[in-house]
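S.K.: Supplied structure: work31.txt, compact mmCIF, C-alpha atoms.
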# COMPACT_ATOMS: atom_id res chain seq x y z
CA MET O 23 -6.17 34.98 -15.14
CA LYS O 24 -3.06 33.81 -13.29
CA SER O 25 -5.03 32.05 -10.52
CA ARG O 26 -6.90 30.18 -13.27
CA TYR O 27 -3.64 28.41 -14.10
CA LEU O 28 -3.90 26.64 -10.75
CA TYR O 29 -7.04 24.72 -11.66
CA ASN O 30 -7.21 24.99 -15.46
CA PRO O 31 -3.96 25.70 -17.29
CA PHE O 32 -5.11 23.59 -20.22
CA THR O 33 -6.67 26.44 -22.19
CA GLN O 34 -3.07 27.55 -22.64
CA ILE O 35 -1.09 24.35 -22.21
CA ALA O 36 -1.80 21.05 -23.96
CA GLY O 37 -0.23 18.69 -26.48
CA LEU O 38 3.51 18.13 -26.51
CA LYS O 39 4.18 21.03 -24.14
CA SER O 40 1.99 19.50 -21.42
CA PHE O 41 3.54 16.09 -22.06
CA ILE O 42 7.09 17.37 -21.59
CA MET O 43 6.17 19.33 -18.46
CA GLY O 44 4.26 16.32 -17.16
CA ILE O 45 7.17 13.90 -17.73
CA PHE O 46 9.43 16.26 -15.84
CA GLY O 47 6.91 16.35 -12.97
CA LEU O 48 6.54 12.56 -13.02
CA LEU O 49 10.29 11.98 -12.81
CA ILE O 50 10.66 14.39 -9.89
CA THR O 51 7.67 12.85 -8.10
CA THR O 52 9.07 9.35 -8.66
CA TYR O 53 12.50 10.38 -7.40
CA LEU O 54 10.98 11.90 -4.24
CA ALA O 55 8.65 8.91 -3.83
CA PHE O 56 11.63 6.53 -3.99
CA ASN O 57 13.66 8.55 -1.52
CA THR O 58 10.81 8.83 0.97
CA GLY O 59 9.04 5.50 0.42
CA THR O 60 5.77 7.01 -0.81
CA HIS O 61 3.72 4.58 -2.90
CA PHE O 62 0.91 5.66 -5.23
CA TYR O 63 -1.25 2.59 -5.78
CA GLY O 64 -3.63 4.23 -8.21
CA LEU O 65 -4.90 7.83 -8.16
CA LEU O 66 -6.86 7.38 -4.95
CA ASN O 67 -4.44 5.30 -2.90
CA ILE O 68 -1.28 6.20 -1.05
CA ASP O 69 1.01 4.20 1.23
CA PHE O 70 4.15 4.94 3.18
CA ALA O 71 6.82 2.23 3.09
CA LYS O 72 10.44 2.68 2.11
CA ASP O 73 10.66 -0.93 0.98
CA SER O 74 11.26 -1.06 -2.76
CA ASP O 75 13.70 -0.32 -5.54
CA TYR O 76 13.34 2.71 -7.82
CA TRP O 77 11.67 0.79 -10.64
CA VAL O 78 8.69 -0.10 -8.42
CA TYR O 79 7.90 3.57 -7.78
CA LEU O 80 8.39 4.33 -11.48
CA MET O 81 6.01 1.50 -12.44
CA GLU O 82 3.41 2.82 -10.00
CA ASN O 83 3.47 6.35 -11.37
CA LEU O 84 3.66 5.28 -15.01
CA SER O 85 0.82 2.78 -14.73
CA ASN O 86 -1.35 5.29 -12.83
CA TRP O 87 -0.92 7.80 -15.63
CA LEU O 88 -1.12 5.38 -18.59
CA PHE O 89 -4.28 3.55 -17.53
CA LEU O 90 -6.06 6.78 -16.70
CA SER O 91 -5.05 8.35 -20.02
CA ILE O 92 -6.08 5.28 -21.99
CA PHE O 93 -9.56 5.12 -20.46
CA LEU O 94 -10.10 8.86 -20.77
CA TYR O 95 -8.94 8.81 -24.39
CA ILE O 96 -11.21 5.88 -25.24
CA SER O 97 -14.12 7.74 -23.62
CA GLY O 98 -13.28 10.77 -25.74
CA LEU O 99 -13.12 8.73 -28.93
CA ILE O 100 -16.52 7.18 -28.25
CA LEU O 101 -18.39 10.15 -26.84
CA SER O 102 -16.85 13.27 -28.36
CA LYS O 103 -17.95 14.78 -31.66
CA SER O 104 -14.54 16.41 -32.07
CA LYS O 105 -11.43 14.94 -33.61
CA ILE O 106 -9.38 14.52 -30.45
CA ARG O 107 -5.63 13.94 -30.30
CA ALA O 108 -4.02 11.34 -28.07
CA ILE O 109 -1.15 13.67 -27.23
CA ASP O 110 -3.60 16.18 -25.74
CA THR O 111 -5.30 13.63 -23.47
CA PHE O 112 -2.09 11.88 -22.43
CA GLY O 113 -0.16 15.11 -21.99
CA THR O 114 -2.77 16.99 -19.97
CA THR O 115 -3.50 13.93 -17.81
CA LEU O 116 0.20 13.69 -17.02
CA LEU O 117 0.43 17.38 -16.19
CA SER O 118 -2.62 17.17 -13.90
CA ARG O 119 -0.71 14.78 -11.58
CA ILE O 120 1.83 17.41 -10.53
CA PRO O 121 0.08 18.37 -7.21
CA LEU O 122 0.65 14.79 -5.98
CA ILE O 123 4.30 15.75 -5.49
CA LEU O 124 3.33 17.40 -2.20
CA ALA O 125 3.05 14.23 -0.08
CA PRO O 126 6.49 12.80 -0.92
CA LEU O 127 7.92 16.31 -0.71
CA ILE O 128 6.86 16.83 2.90
CA ARG O 129 8.22 13.39 3.75
CA THR O 130 11.71 14.57 2.92
CA ILE O 131 11.52 16.26 6.34
CA PRO O 132 12.95 13.65 8.80
CA LEU O 133 10.04 14.18 11.21
CA PHE O 134 7.66 12.72 8.63
CA GLN O 135 9.80 9.77 7.56
CA SER O 136 8.36 7.29 10.03
CA PHE O 137 5.51 8.03 12.38
CA VAL O 138 2.90 6.33 14.54
CA ILE O 139 -0.61 5.62 13.25
CA GLY O 140 -2.99 8.17 14.75
CA SER O 141 -0.23 10.72 15.45
CA TRP O 142 -0.44 14.37 14.40
CA GLU O 143 2.28 13.71 11.82
CA MET O 144 0.07 11.12 10.14
CA TYR O 145 -2.94 13.44 10.11
CA LEU O 146 -0.88 16.28 8.68
CA ILE O 147 0.49 14.14 5.86
CA MET O 148 -2.92 12.64 5.09
CA GLY O 149 -4.49 16.11 5.14
CA LEU O 150 -1.85 17.39 2.74
CA TYR O 151 -2.32 14.35 0.51
CA LEU O 152 -6.10 14.84 0.49
CA GLY O 153 -5.68 18.48 -0.48
CA SER O 154 -3.27 17.64 -3.26
CA LEU O 155 -5.55 14.83 -4.45
CA ILE O 156 -8.56 17.18 -4.70
CA TRP O 157 -6.43 19.65 -6.62
CA ALA O 158 -5.18 16.90 -8.96
CA ILE O 159 -8.73 15.66 -9.60
CA ILE O 160 -9.93 19.18 -10.45
CA LEU O 161 -7.02 19.52 -12.88
CA LEU O 162 -7.72 16.09 -14.34
CA PHE O 163 -11.39 16.93 -14.85
CA ASN O 164 -10.50 20.13 -16.71
CA ALA O 165 -7.82 18.30 -18.71
CA PHE O 166 -10.37 15.71 -19.83
CA LYS O 167 -13.03 18.37 -20.54
CA ILE O 168 -10.74 20.37 -22.81
CA SER O 169 -8.73 17.61 -24.48
CA CYS O 170 -11.85 15.60 -25.38
CA ASN O 171 -14.37 18.47 -25.70
CA LEU O 172 -17.04 16.81 -23.58
CA ARG O 173 -19.78 18.42 -21.50
CA ASN O 174 -22.51 17.74 -18.97
CA GLU O 175 -23.52 14.13 -18.21
CA ARG O 176 -21.19 12.60 -20.80
CA LEU O 177 -18.24 14.34 -19.24
CA ILE O 178 -19.08 13.51 -15.62
CA VAL O 179 -20.14 9.88 -16.09
CA SER O 180 -17.23 8.95 -18.39
CA PHE O 181 -14.80 10.71 -16.03
CA ILE O 182 -15.95 8.71 -13.00
CA ILE O 183 -16.00 5.41 -14.91
CA SER O 184 -12.51 6.02 -16.34
CA ILE O 185 -11.08 6.69 -12.88
CA LEU O 186 -12.65 3.56 -11.42
CA LEU O 187 -11.49 1.35 -14.29
CA SER O 188 -7.96 2.71 -14.16
CA GLU O 189 -7.81 2.13 -10.38
CA VAL O 190 -8.70 -1.53 -10.89
CA CYS O 191 -6.26 -2.03 -13.76
CA THR O 192 -3.42 -0.24 -11.98
CA LYS O 193 -3.79 -2.37 -8.87
CA LEU O 194 -3.96 -5.58 -10.92
CA VAL O 195 -0.84 -4.76 -12.91
CA LEU O 196 1.13 -3.63 -9.88
CA LYS O 197 0.18 -6.79 -8.02
CA LEU O 198 1.44 -8.89 -10.93
CA LEU O 199 4.65 -6.97 -11.43
CA THR O 200 5.67 -6.30 -7.84
CA MET J 6 -16.24 55.03 -36.65
CA ASN J 7 -16.82 51.26 -36.93
CA LYS J 8 -20.50 50.38 -36.69
CA ARG J 9 -21.55 46.87 -35.79
CA LEU J 10 -24.32 45.27 -37.88
CA PRO J 11 -27.22 44.55 -35.49
CA LEU J 12 -28.44 40.94 -35.68
CA LYS J 13 -31.34 40.82 -33.20
CA CYS J 14 -34.42 42.98 -32.93
CA PRO J 15 -34.06 45.40 -29.97
CA SER J 16 -37.81 45.04 -29.24
CA CYS J 17 -38.42 41.30 -29.44
CA GLU J 18 -34.95 39.68 -29.90
CA ASN J 19 -35.99 38.02 -33.16
CA GLN J 20 -33.46 37.58 -36.00
CA LEU J 21 -33.35 40.72 -38.17
CA GLN J 22 -33.61 40.56 -41.97
CA VAL J 23 -32.41 43.00 -44.64
CA GLU J 24 -35.18 45.06 -46.25
CA GLN J 25 -33.27 47.81 -48.06
CA LEU J 26 -29.91 48.00 -49.81
CA HIS J 27 -28.47 51.33 -50.95
CA CYS J 28 -25.84 52.14 -53.62
CA GLU J 29 -23.60 54.97 -52.45
CA LYS J 30 -22.34 55.76 -55.95
CA CYS J 31 -25.54 56.14 -58.02
CA GLY J 32 -28.19 56.42 -55.31
CA THR J 33 -30.09 53.28 -56.34
CA ILE J 34 -32.19 51.75 -53.57
CA VAL J 35 -33.18 48.07 -53.60
CA THR J 36 -36.10 47.03 -51.44
CA GLY J 37 -37.01 43.44 -50.66
CA LEU J 38 -36.77 40.99 -47.81
CA TYR J 39 -33.46 39.13 -47.57
CA SER J 40 -32.07 36.90 -44.85
CA LEU J 41 -28.64 37.79 -43.51
CA PRO J 42 -25.88 35.44 -44.67
CA ILE J 43 -25.24 32.71 -42.11
CA ILE J 44 -21.79 34.03 -41.28
CA SER J 45 -23.26 37.44 -40.47
CA GLN J 46 -25.66 35.79 -38.04
CA LEU J 47 -22.80 34.51 -35.89
CA PRO J 48 -21.50 36.46 -32.85
CA ILE J 49 -18.75 38.93 -33.76
CA GLU J 50 -16.06 36.85 -31.96
CA HIS J 51 -16.92 33.85 -34.11
CA GLN J 52 -16.86 35.93 -37.27
CA SER J 53 -13.36 37.18 -36.33
CA PHE J 54 -12.30 33.62 -35.64
CA ILE J 55 -13.45 32.49 -39.09
CA LEU J 56 -11.59 35.34 -40.80
CA ASP J 57 -8.41 34.59 -38.83
CA PHE J 58 -8.82 30.88 -39.57
CA VAL J 59 -8.94 31.52 -43.30
CA LYS J 60 -5.94 33.88 -43.08
CA ALA J 61 -4.10 31.08 -41.25
CA SER J 62 -4.77 28.79 -44.23
CA GLY J 63 -7.06 26.63 -42.11
CA SER J 64 -4.28 25.66 -39.70
CA LEU J 65 -5.46 25.19 -36.14
CA LYS J 66 -1.83 25.03 -35.08
CA ILE J 67 -1.14 28.55 -36.40
CA MET J 68 -4.41 29.76 -34.89
CA ALA J 69 -3.38 28.38 -31.49
CA GLN J 70 -0.03 30.15 -31.73
CA ASN J 71 -1.64 33.44 -32.77
CA MET J 72 -4.36 33.32 -30.12
CA LYS J 73 -1.95 32.06 -27.44
CA LEU J 74 -4.33 29.24 -26.62
CA SER J 75 -3.81 25.49 -26.60
CA TYR J 76 -4.62 23.45 -29.70
CA PRO J 77 -7.61 21.61 -28.18
CA THR J 78 -9.08 24.91 -26.94
CA VAL J 79 -8.94 26.36 -30.46
CA ARG J 80 -10.33 23.14 -31.90
CA ASN J 81 -13.22 23.28 -29.42
CA ILE J 82 -14.04 26.87 -30.48
CA LEU J 83 -14.06 25.77 -34.13
CA ASP J 84 -16.33 22.83 -33.30
CA GLU J 85 -18.69 25.18 -31.52
CA ILE J 86 -18.81 27.47 -34.57
CA ILE J 87 -19.44 24.48 -36.85
CA ASN J 88 -22.30 23.46 -34.56
CA ARG J 89 -23.84 26.92 -34.66
CA ILE J 90 -23.54 27.13 -38.44
CA ASN J 91 -25.22 23.74 -38.79
CA ASN J 92 -28.07 24.87 -36.50
CA LEU J 93 -28.55 28.11 -38.44
CA ASP J 94 -28.44 26.17 -41.68
CA ASN J 95 -31.10 23.75 -40.45
CA ASN J 96 -33.31 26.58 -39.23
CA GLU J 97 -33.16 28.24 -42.63
CA LYS J 98 -34.16 25.03 -44.38
CA MET V 29 -31.14 0.47 30.08
CA LYS V 30 -29.80 3.99 29.70
CA SER V 31 -27.32 3.54 32.57
CA ILE V 32 -26.11 0.19 31.13
CA SER V 33 -25.43 1.71 27.74
CA LEU V 34 -23.58 4.60 29.42
CA ILE V 35 -21.40 2.14 31.32
CA LEU V 36 -20.71 0.23 28.10
CA VAL V 37 -19.68 3.42 26.32
CA ALA V 38 -17.42 4.33 29.26
CA CYS V 39 -15.79 0.88 29.12
CA ILE V 40 -15.16 1.22 25.40
CA ILE V 41 -13.61 4.66 25.87
CA PHE V 42 -11.38 3.42 28.72
CA SER V 43 -10.22 0.40 26.74
CA LEU V 44 -9.47 2.57 23.72
CA ASN V 45 -7.41 4.88 25.88
CA SER V 46 -5.46 2.04 27.40
CA CYS V 47 -4.73 0.64 23.90
CA SER V 48 -3.37 3.88 22.52
CA GLN V 49 0.25 4.11 23.58
CA ASP V 50 2.67 6.84 22.60
CA PHE V 51 5.81 5.74 20.84
CA LYS V 52 9.02 7.66 20.33
CA LYS V 53 11.67 7.04 17.71
CA LEU V 54 15.19 7.14 19.14
CA THR V 55 17.94 9.21 17.56
CA ASP V 56 21.31 7.63 16.77
CA SER V 57 22.86 8.96 19.98
CA GLU V 58 20.04 7.54 22.13
CA ILE V 59 20.25 4.01 20.74
CA ASP V 60 21.88 1.25 22.78
CA LYS V 61 24.02 -0.45 20.13
CA ASN V 62 24.45 -3.59 22.27
CA LYS V 63 20.72 -4.14 22.40
CA VAL V 64 20.52 -3.62 18.63
CA LYS V 65 23.12 -6.37 18.24
CA ILE V 66 21.19 -8.70 20.54
CA ALA V 67 17.97 -8.14 18.59
CA GLN V 68 19.69 -8.40 15.21
CA ASP V 69 21.60 -11.55 16.10
CA PHE V 70 18.45 -13.17 17.43
CA ALA V 71 16.34 -12.35 14.34
CA SER V 72 19.08 -13.41 11.93
CA ASN V 73 19.90 -16.65 13.75
CA PHE V 74 16.24 -17.51 14.28
CA LEU V 75 15.33 -17.17 10.62
CA THR V 76 18.52 -18.85 9.40
CA LYS V 77 17.89 -21.87 11.62
CA LEU V 78 14.32 -22.17 10.38
CA LYS V 79 15.51 -21.82 6.79
CA ASN V 80 17.90 -24.74 7.36
CA GLY V 81 15.08 -26.82 8.80
CA GLU V 82 16.42 -26.63 12.34
CA GLU V 83 14.68 -25.65 15.54
CA TYR V 84 15.80 -22.48 17.32
CA GLN V 85 16.55 -22.93 21.01
CA PHE V 86 15.61 -19.79 22.97
CA GLN V 87 17.29 -20.89 26.23
CA ASP V 88 17.24 -17.82 28.49
CA LYS V 89 17.18 -15.23 25.73
CA ALA V 90 13.39 -14.87 25.65
CA ILE V 91 10.56 -14.50 28.12
CA ASP V 92 8.48 -17.58 28.90
CA ALA V 93 5.53 -16.41 26.83
CA ILE V 94 7.69 -16.36 23.71
CA LYS V 95 9.26 -19.73 24.47
CA ASN V 96 5.84 -21.27 25.00
CA GLN V 97 4.43 -19.72 21.84
CA PHE V 98 7.28 -20.62 19.51
CA THR V 99 7.51 -24.35 19.98
CA GLY V 100 9.33 -26.48 17.41
CA GLU V 101 6.13 -27.24 15.52
CA THR V 102 5.04 -23.59 15.53
CA GLN V 103 8.43 -22.52 14.23
CA LYS V 104 8.14 -24.93 11.29
CA LEU V 105 4.62 -23.76 10.49
CA VAL V 106 5.57 -20.10 10.72
CA TYR V 107 8.52 -20.51 8.37
CA GLN V 108 6.43 -22.56 5.94
CA GLN V 109 3.91 -19.72 5.72
CA LEU V 110 6.68 -17.17 5.33
CA LYS V 111 8.31 -19.18 2.58
CA THR V 112 5.03 -19.57 0.69
CA GLN V 113 4.36 -15.86 0.82
CA PHE V 114 7.80 -14.27 0.60
CA GLY V 115 10.24 -17.05 -0.24
CA ASP V 116 13.36 -18.04 1.71
CA PHE V 117 14.95 -15.61 4.14
CA GLN V 118 18.03 -13.93 2.65
CA SER V 119 19.28 -11.19 4.96
CA LEU V 120 18.22 -8.34 7.19
CA GLU V 121 19.49 -4.89 8.03
CA TYR V 122 18.78 -2.62 10.97
CA SER V 123 16.42 0.28 10.35
CA GLU V 124 15.23 2.04 13.50
CA THR V 125 14.51 1.79 17.23
CA TRP V 126 11.38 2.95 19.03
CA ILE V 127 10.43 3.05 22.67
CA GLN V 128 7.09 3.29 24.37
CA SER V 129 6.82 6.72 25.99
CA ASN V 130 5.46 5.26 29.22
CA SER V 131 8.27 2.70 29.44
CA LYS V 132 11.68 3.58 28.09
CA TYR V 133 12.95 0.06 28.85
CA ILE V 134 10.77 -1.63 26.23
CA ASN V 135 12.75 -1.35 23.02
CA ILE V 136 11.21 -2.02 19.62
CA PHE V 137 13.79 -2.83 16.96
CA ARG V 138 12.74 -2.71 13.34
CA PHE V 139 14.75 -4.47 10.67
CA LYS V 140 14.23 -4.59 6.92
CA GLY V 141 14.41 -8.18 5.71
CA GLU V 142 15.05 -9.48 2.23
CA PHE V 143 13.26 -12.58 1.16
CA GLU V 144 13.72 -14.58 -2.02
CA LYS V 145 10.35 -14.02 -3.73
CA SER V 146 9.46 -10.56 -2.48
CA THR V 147 10.47 -7.44 -4.40
CA LYS V 148 9.64 -5.41 -1.30
CA LYS V 149 11.40 -5.29 2.05
CA ILE V 150 9.68 -7.09 4.92
CA GLU V 151 9.64 -5.82 8.48
CA ILE V 152 11.19 -8.03 11.12
CA ARG V 153 10.31 -6.56 14.48
CA VAL V 154 11.99 -7.61 17.72
CA VAL V 155 10.92 -6.32 21.12
CA LEU V 156 13.32 -6.49 24.07
CA ASN V 157 12.09 -5.99 27.62
CA GLU V 158 13.94 -4.19 30.43
CA SER V 159 16.10 -7.26 31.07
CA GLY V 160 17.16 -7.47 27.42
CA LYS V 161 15.08 -10.58 26.80
CA ILE V 162 13.04 -11.18 23.65
CA ALA V 163 9.47 -10.13 24.51
CA GLY V 164 8.02 -9.88 21.00
CA PHE V 165 8.68 -10.95 17.43
CA TRP V 166 6.74 -10.08 14.26
CA ILE V 167 7.23 -10.42 10.55
CA LYS V 168 5.03 -8.32 8.26
CA PRO V 169 5.19 -6.09 5.20
CA TRP V 170 7.23 -2.98 5.89
CA SER V 171 5.37 0.24 6.62
CA ASP V 172 6.75 3.64 7.59
CA MET V 173 3.69 3.97 9.83
CA LEU V 174 4.29 2.24 13.15
CA LYS V 175 1.28 0.14 14.14
Mind converting the file's structure to C-alpha cells?

M.R.:
Amino acid sequence: MKSRYLYNPFTQIAGLKSFIMGIFGLLITTYLAFNTGTHFYGLLNIDFAKDSDYWVYLMENLSNWLFLSIFLYISGLILSKSKIRAIDTFGTTLLSRIPLILAPLIRTIPLFQSFVIGSWEMYLIMGLYLGSLIWAIILLFNAFKISCNLRNERLIVSFIISILLSEVCTKLVLKLLT
Amino acid sequence: MNKRLPLKCPSCENQLQVEQLHCEKCGTIVTGLYSLPIISQLPIEHQSFILDFVKASGSLKIMAQNMKLSYPTVRNILDEIINRINNLDNNEK
Amino acid sequence: MKSISLILVACIIFSLNSCSQDFKKLTDSEIDKNKVKIAQDFASNFLTKLKNGEEYQFQDKAIDAIKNQFTGETQKLVYQQLKTQFGDFQSLEYSETWIQSNSKYINIFRFKGEFEKSTKKIEIRVVLNESGKIAGFWIKPWSDMLK
C-alpha cells in the first residue's frame, strides 16, 4: 500500500489537499531552479543556465503546470461521463510534478553547477532527470485517470495530445515573455 | 452467522431468481418466479457503498472522509455503480 | 571497398578523439586574478567601443588571427547583429575560469553580460593564450554546460 503512494497517491490525495501540497512543491522547485539555473521549458525539456531572474523560473514552472492542467481538464470535460472538478485535475497535475525537483536538487552540489558537455557529470544529471521525468509522467497519467475518470484509448490518446499541446503553448508563451 | 445471498448459479453462472418465499411467523410459503431486486444483483461491496452513501445523506465529500479515499476516487466508484445499475435495468427491460 | 570504409571509419574516430578535449574549472585559489582583469578589461572595452560606434584597436593585445578576423567592418557587423538580437551592451561580470587539461596555459574566461533587450544573461567568453594575448572571443546565450 505504501509503495503505491510513489506512483499513484491520488486514490487518497486529490482536490484542495493535492493543490496545497503541489504549490508547496512548485515553490521549492522554483527556488532550487533559480539558485541552480535549471530551466524547465515544458514538461519534456530541461536546460542548465544560471542566467535569469527568479520570475523567469516561476513563469516556466507555472506555465508548464497551467497549460497541462487546462488541456487535461478540457479533455476530461469532453470525453468523461463523470462530473469532474477542476480542482482535482489542477491539484493532482501540480502534485505529479514533484519528482522534477531532483534535477535542480542535485545541482546544488558545486560539482554539478557547471560542467562540460559529454562529461560524466552531464550524463549523471541527465540520467537523474530522465528518471524523475518518467516518474512524473507515471504520476501525471494516474492523476489524469483518476481526476477525469477516463479509461483505455480515450485516456491514452487524450493524455498524449494534451502533453503535446501544452509543450507547444508553454514554449510559445515563454518565448514571448522572456 | 451472517449468510450472503447467492446471486449466480454455482453450475452455470447464470443470474439466480427467487422461487420460494417463506414466512417465519405463520409458516406460509409463497412459490413463484421473481427476479432479484436490482440492488441485490450488485456485488456486496457496491451494496455496502450504496447503504453508506444514503447514510451520508448523498454527500460524496462525507463518503470520501469516511472511506479515507479522495473525492474523485469515490465519485468514480459511484459512477461505476450507476453504470452497472443502468446495464442491469436495460437487461431487465 | 571494405578496406576503404574501414579507413574512413578510423579517420572519423581519430578526428572525434582529437576534437574531444578535457576541460577543468579552476577554483578561486587557482585563478590568476591579473589574467581575469586583462580578459575583463578587453571584453568591456571592446563592447563599449562598438556600442559608441568606434573601432577597437587590438594593437599587441591579441594574436594575429584575431586581429585579422575582427577588422573594423567585421566589428560593426558583429555589434549590429548583437544589438538586433540582444540590444545594447550594458555591463558584464566575471563568472568562472576554465583551462584545457592538456594545456594549462590556455585560459577560458567566462563572463555574464547584460544587454538592453535580453532578460537573460549572455555569455562573453575570452580566451587568453600562454602569452596572455587574446586568442578567442565569443558571445552567445549563457549555458552552465561548457561547449

S.K.: Got a sec to pull out which chain O residues are within 7 Å of chain V, counting only C-alpha atoms, and send them as a ChimeraX atom specification?

M.R.: /O:70-74,135-139,200

S.K.: Here is a test: counting all atoms listed in the file, which residue of O:Ala158, O:Ile183, O:Leu99, O:Met43 is nearest to Ile123 in chain O?

M.R.: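 Selected residue with least distance to Ile123 in chain O: O:Ala158.
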
S.K.: Grab the CA of Pro15 in chain J to CA of Glu29 in chain J distance for me, in Å with one decimal place.

M.R.: 26.6 Å

S.K.: Let me make sure I understand: among V:Glu121, V:Glu83, V:Asp88, V:Asp69, which one has the smallest atom-to-atom distance to Phe139 in chain V if we use only C-alpha atoms?

M.R.: V:Glu121

S.K.: Select residues of chain J: the criterion is any atom within 7 Å of an atom of chain O, counting all atoms listed in the file; output as an mmCIF file with C-alpha atoms, in the frame of the given file.

M.R.:
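Below you can see out.cif, which holds the result:
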data_model
loop_
_atom_site.group_PDB
_atom_site.id
_atom_site.type_symbol
_atom_site.label_atom_id
_atom_site.label_comp_id
_atom_site.auth_asym_id
_atom_site.auth_seq_id
_atom_site.Cartn_x
_atom_site.Cartn_y
_atom_site.Cartn_z
ATOM 1 C CA LYS J 73 -1.950 32.060 -27.440
ATOM 2 C CA LEU J 74 -4.330 29.240 -26.620
ATOM 3 C CA SER J 75 -3.810 25.490 -26.600
ATOM 4 C CA TYR J 76 -4.620 23.450 -29.700
ATOM 5 C CA PRO J 77 -7.610 21.610 -28.180
ATOM 6 C CA THR J 78 -9.080 24.910 -26.940
ATOM 7 C CA ASN J 81 -13.220 23.280 -29.420
ATOM 8 C CA ASP J 84 -16.330 22.830 -33.300
#

S.K.: So the first atom is CA of Lys30 in chain J and the second is CA of Leu10 in chain J; what is the distance between them in Å, to one decimal place?

M.R.: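 CA of Leu10 in chain J lies at a distance of 21.0 Å from CA of Lys30 in chain J.
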
S.K.: Residues around (-13.1, 15.4, -19.4), cut-off 10 Å, counting only C-alpha atoms - what are they as a ChimeraX atom specification?

M.R.: /O:94-95,97-98,102,111,115,161-174,176-182,184

S.K.: Env of Gln108 in chain V: 12 Å cut, atoms = only C-alpha atoms, seq-sep filter 4 positions within chain, self excluded. Answer as a PyMOL selection string.

M.R.: chain V and resi 75+78-81+101-104+112-117

S.K.: Write out as a list in words the residues lying within 12 Å of Val59 in chain J, counting only C-alpha atoms and excluding same-chain residues fewer than 6 positions away.

M.R.: Gln52, Ser53, Leu65, Ile67, Met68 and Leu83 of chain J
